[in-house]
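Chemist: Shown below is the structure under consideration.
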Amino acid sequence: MQKTLPIHFAPLQGYTDVIYRNAHAACFGGIDAYYTPFVRLEKGTFRHRDVRGIEPGNNQVPHLIPQLIAPTAEKAEKILSLFIEKGYKEADINMGCPFPILAKRHNGSGILPYPEEVQALLSLITKYPQISFSIKMRLGWENPEECLKLAPIINELPLRQVVMHPRLGKQQYKGEVDLKAFEAFQHVCKHPLIYNGDINHIEDIHRIQEQFPGLAGMMIGRGLLANPALAWEYQQNRTLEFDEMKEKIQSMHTYVYEEYIEQLKGGDLQILNKMKAFWEYLLPNADRKLLKAIHKSTNLHKYTQAVHAFFNQR
Ligand SMILES: Cc1cc2nc3c(=O)[nH]c(=O)nc-3n(C[C@H](O)[C@H](O)[C@H](O)COP(=O)(O)O)c2cc1C
């Protein structure tokens, strides 16, 4: 019998914002830690939504870890100061983001080919011993040797954990995850290691757990957007019945919708776009026609009609 691993909800910019996270925790749960999408400096300052997203008063999940992205320790420190000011004792450093605009400037996975820059960025960790740090990374930007070269630097640091998404930055999200390269990294990584990538079903969790004994946990992103019950089902070792699932999705939807209406007062198009993002990955095997009507709705009236039809399908 395998032991049950902690499940971490991956940060997904544009999807797992504070409202989504609160709704997920209230309606589904099963998650050990939620992560904020990365906070970054834009022209030397913070984006409002990033600050709102980490504000403790807005967050109701049991365990939230804020994430930062920066190419240098100096920039990272500015963001970390905000986390500390807000009372956080943990922080995650993003070395995995593949977005070309950021990666080009050696943010996220764009820094992985440059061990000296990685070392300089991560010097932040020893400067703030009161903060428990983790890093979230990929195998490399260009080739999977990069993470092996970085291992000695990473191993030296007092990290709580390393999350590895076994793809290359240049792949974005295309192609298969490289489990051989993950195994090679697991051999050299001395920190608790968390696997992340393409976990969509409970069987995937068991398969990875079996293939890589000794993992400290799993991080799941799009699989949880598609099936918000996935972590709970794994923890409880039972899948939700259709009606239970529908009821929970419906209450999560109501939660998210009402919060966006409250937050984005009157900005109907903005609310509509946020709600379409909510449905983007959700329940990919549901009735196509009903989902299409939601995705195609052009105003909130049509949207609520389409959602009503979805939840009242027989
Ligand atoms: C739309 C989108 C936004 C993402 N935003 C972030 C982010 O803000 N921080 C981060 O570390 N990873 C981010 N990721 C990567 C995910 O956290 C995760 O590593 C990746 O999706 C692979 O896991 P999955 O297959 O379980 O989704 C993002 C991925 C997607 C698709």
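Residue numbering restarts at 1 for every chain of the structure tokens, chains are lettered A, B, ... in their displayed order, and ligands are numbered from 1 as they appear.
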Grab me every residue within 7 Å of ligand 1, counting only C-alpha atoms and all ligand atoms, and send it over as a ChimeraX atom specification.

Modeler: /A:10-15,36-38,94,96-97,136,165,196-199,219-223

Chemist: In region 136-292 of chain A, what's helix (DSSP H, G or I) per DSSP? Answer as an MDAnalysis selection string?

Modeler: chainID A and resid 145:156 169:171 179:188 202:211 222:226 230:236 242:263 268:280 288:292

Chemist: Between A:Ala91, A:Ala293, A:Ala226, A:Ile154, which is the closest to Gln119 (chain A) once you count only C-alpha atoms?

Modeler: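 Residue with the minimum atom-to-atom distance to Gln119 (chain A): A:Ile154.
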
Chemist: Any idea what's packed within 9 Å of Tyr114 (chain A), counting only C-alpha atoms, ignoring anything in its chain fewer than 5 positions away? Could you give it as a ChimeraX atom specification?

Modeler: /A:106,119,146,150

Chemist: Find the residues near Glu74 (chain A): any atom within 12 Å, counting only C-alpha atoms, skip ones fewer than 2 places away on the same chain, and give them as a PyMOL selection string.

Modeler: chain A and resi 41+44+69-72+76-81+117+120-124+127

Chemist: List every residue of region 116-170 of chain A that has an atom at most 12 Å from any atom of region 189-194 of chain A, and for each one report the closest atom pair and its distance in Å to one decimal, counting only C-alpha atoms, with rows sorted by chain and then by increasing residue number, as a Markdown table.

Modeler:
| residue | atom | partner | partner_atom | distance |
| --- | --- | --- | --- | --- |
| A:Phe133 | CA | A:His191 | CA | 11.5 |
| A:Ser134 | CA | A:His191 | CA | 9.7 |
| A:Ile135 | CA | A:Leu193 | CA | 10.1 |
| A:Lys136 | CA | A:Ile194 | CA | 9.0 |
| A:Met137 | CA | A:Ile194 | CA | 10.4 |
| A:Arg138 | CA | A:Ile194 | CA | 11.8 |
| A:Cys147 | CA | A:Cys189 | CA | 9.6 |
| A:Leu148 | CA | A:Cys189 | CA | 8.6 |
| A:Lys149 | CA | A:Cys189 | CA | 11.0 |
| A:Leu150 | CA | A:Cys189 | CA | 9.7 |
| A:Ala151 | CA | A:Cys189 | CA | 6.2 |
| A:Pro152 | CA | A:Cys189 | CA | 8.4 |
| A:Ile153 | CA | A:Cys189 | CA | 10.3 |
| A:Ile154 | CA | A:Cys189 | CA | 7.9 |
| A:Asn155 | CA | A:Lys190 | CA | 5.7 |
| A:Glu156 | CA | A:Lys190 | CA | 8.9 |
| A:Leu157 | CA | A:His191 | CA | 9.1 |
| A:Pro158 | CA | A:His191 | CA | 8.7 |
| A:Leu159 | CA | A:His191 | CA | 6.8 |
| A:Arg160 | CA | A:Pro192 | CA | 7.0 |
| A:Gln161 | CA | A:Pro192 | CA | 4.8 |
| A:Val162 | CA | A:Leu193 | CA | 5.1 |
| A:Val163 | CA | A:Ile194 | CA | 4.6 |
| A:Met164 | CA | A:Ile194 | CA | 6.2 |
| A:His165 | CA | A:Ile194 | CA | 8.8 |
| A:Pro166 | CA | A:Ile194 | CA | 10.9 |

Chemist: Closest to His201 (chain A) among A:Tyr234, A:Phe9, A:Phe310, A:Tyr255, using only C-alpha atoms?

Modeler: A:Tyr234

Chemist: Measuring between only C-alpha atoms, which one of A:Gly108, A:Pro113, A:Gly266, A:Gly214 shows the shortest distance to Leu68 (chain A)?

Modeler: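 Closest candidate: A:Gly108.
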
Chemist: Check the smallest atom-to-atom distance from each of A:His187, A:Leu272, A:Ser132, A:His206 to Asn237 (chain A) using only C-alpha atoms, then report the winner.

Modeler: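 The closest residue to Asn237 (chain A) is A:His206.
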
Chemist: Using DSSP on the backbone coordinates, identify the residues of region 45-106 of chain A assigned to strand (DSSP E); present them as a CSV table (one decimal) with C-alpha atoms, in the first residue's frame.

Modeler:
chain,number,residue,atom,x,y,z
A,45,THR,CA,6.8,48.3,-8.9
A,46,PHE,CA,4.0,45.8,-8.1
A,64,LEU,CA,-0.7,29.7,1.0
A,65,ILE,CA,2.8,30.1,-0.3
A,67,GLN,CA,5.8,32.9,-5.4
A,68,LEU,CA,8.2,35.4,-6.9
A,90,GLU,CA,7.5,30.8,3.3
A,91,ALA,CA,8.3,31.8,-0.3
A,92,ASP,CA,8.7,30.0,-3.6
A,93,ILE,CA,11.2,31.1,-6.3
A,94,ASN,CA,10.1,30.5,-9.9
A,95,MET,CA,12.9,29.1,-12.1

Chemist: Which residue out of A:Glu241, A:Asp268, A:Asp204, A:Asp32 has the minimum interatomic distance to Lys302 (chain A) when only C-alpha atoms are used?

Modeler: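 Checking each of A:Glu241, A:Asp268, A:Asp204, A:Asp32 against Lys302 (chain A), counting only C-alpha atoms, the winner is A:Asp268.
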
Chemist: What's the 7 Å shell around Met218 (chain A), counting only C-alpha atoms, without same-chain residues fewer than 3 positions away, as a VMD selection string?

Modeler: chain A and resid 5 to 8 194 to 196

Chemist: Point out the residue among A:Met275, A:Ile205, A:Ala229, A:Leu290 with the least atom-to-atom distance to Tyr257 (chain A), counting only C-alpha atoms.

Modeler: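 Among the listed residues, the smallest separation from Tyr257 (chain A) belongs to A:Met275.
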
Chemist: For His24 (chain A), work out the shell of residues within 12 Å, counting only C-alpha atoms and skipping chain neighbours fewer than 3 positions away, then give it as a PyMOL selection string.

Modeler: chain A and resi 9+15-21+27-31+33-34+59-62+224-225+227-232+248-256+278
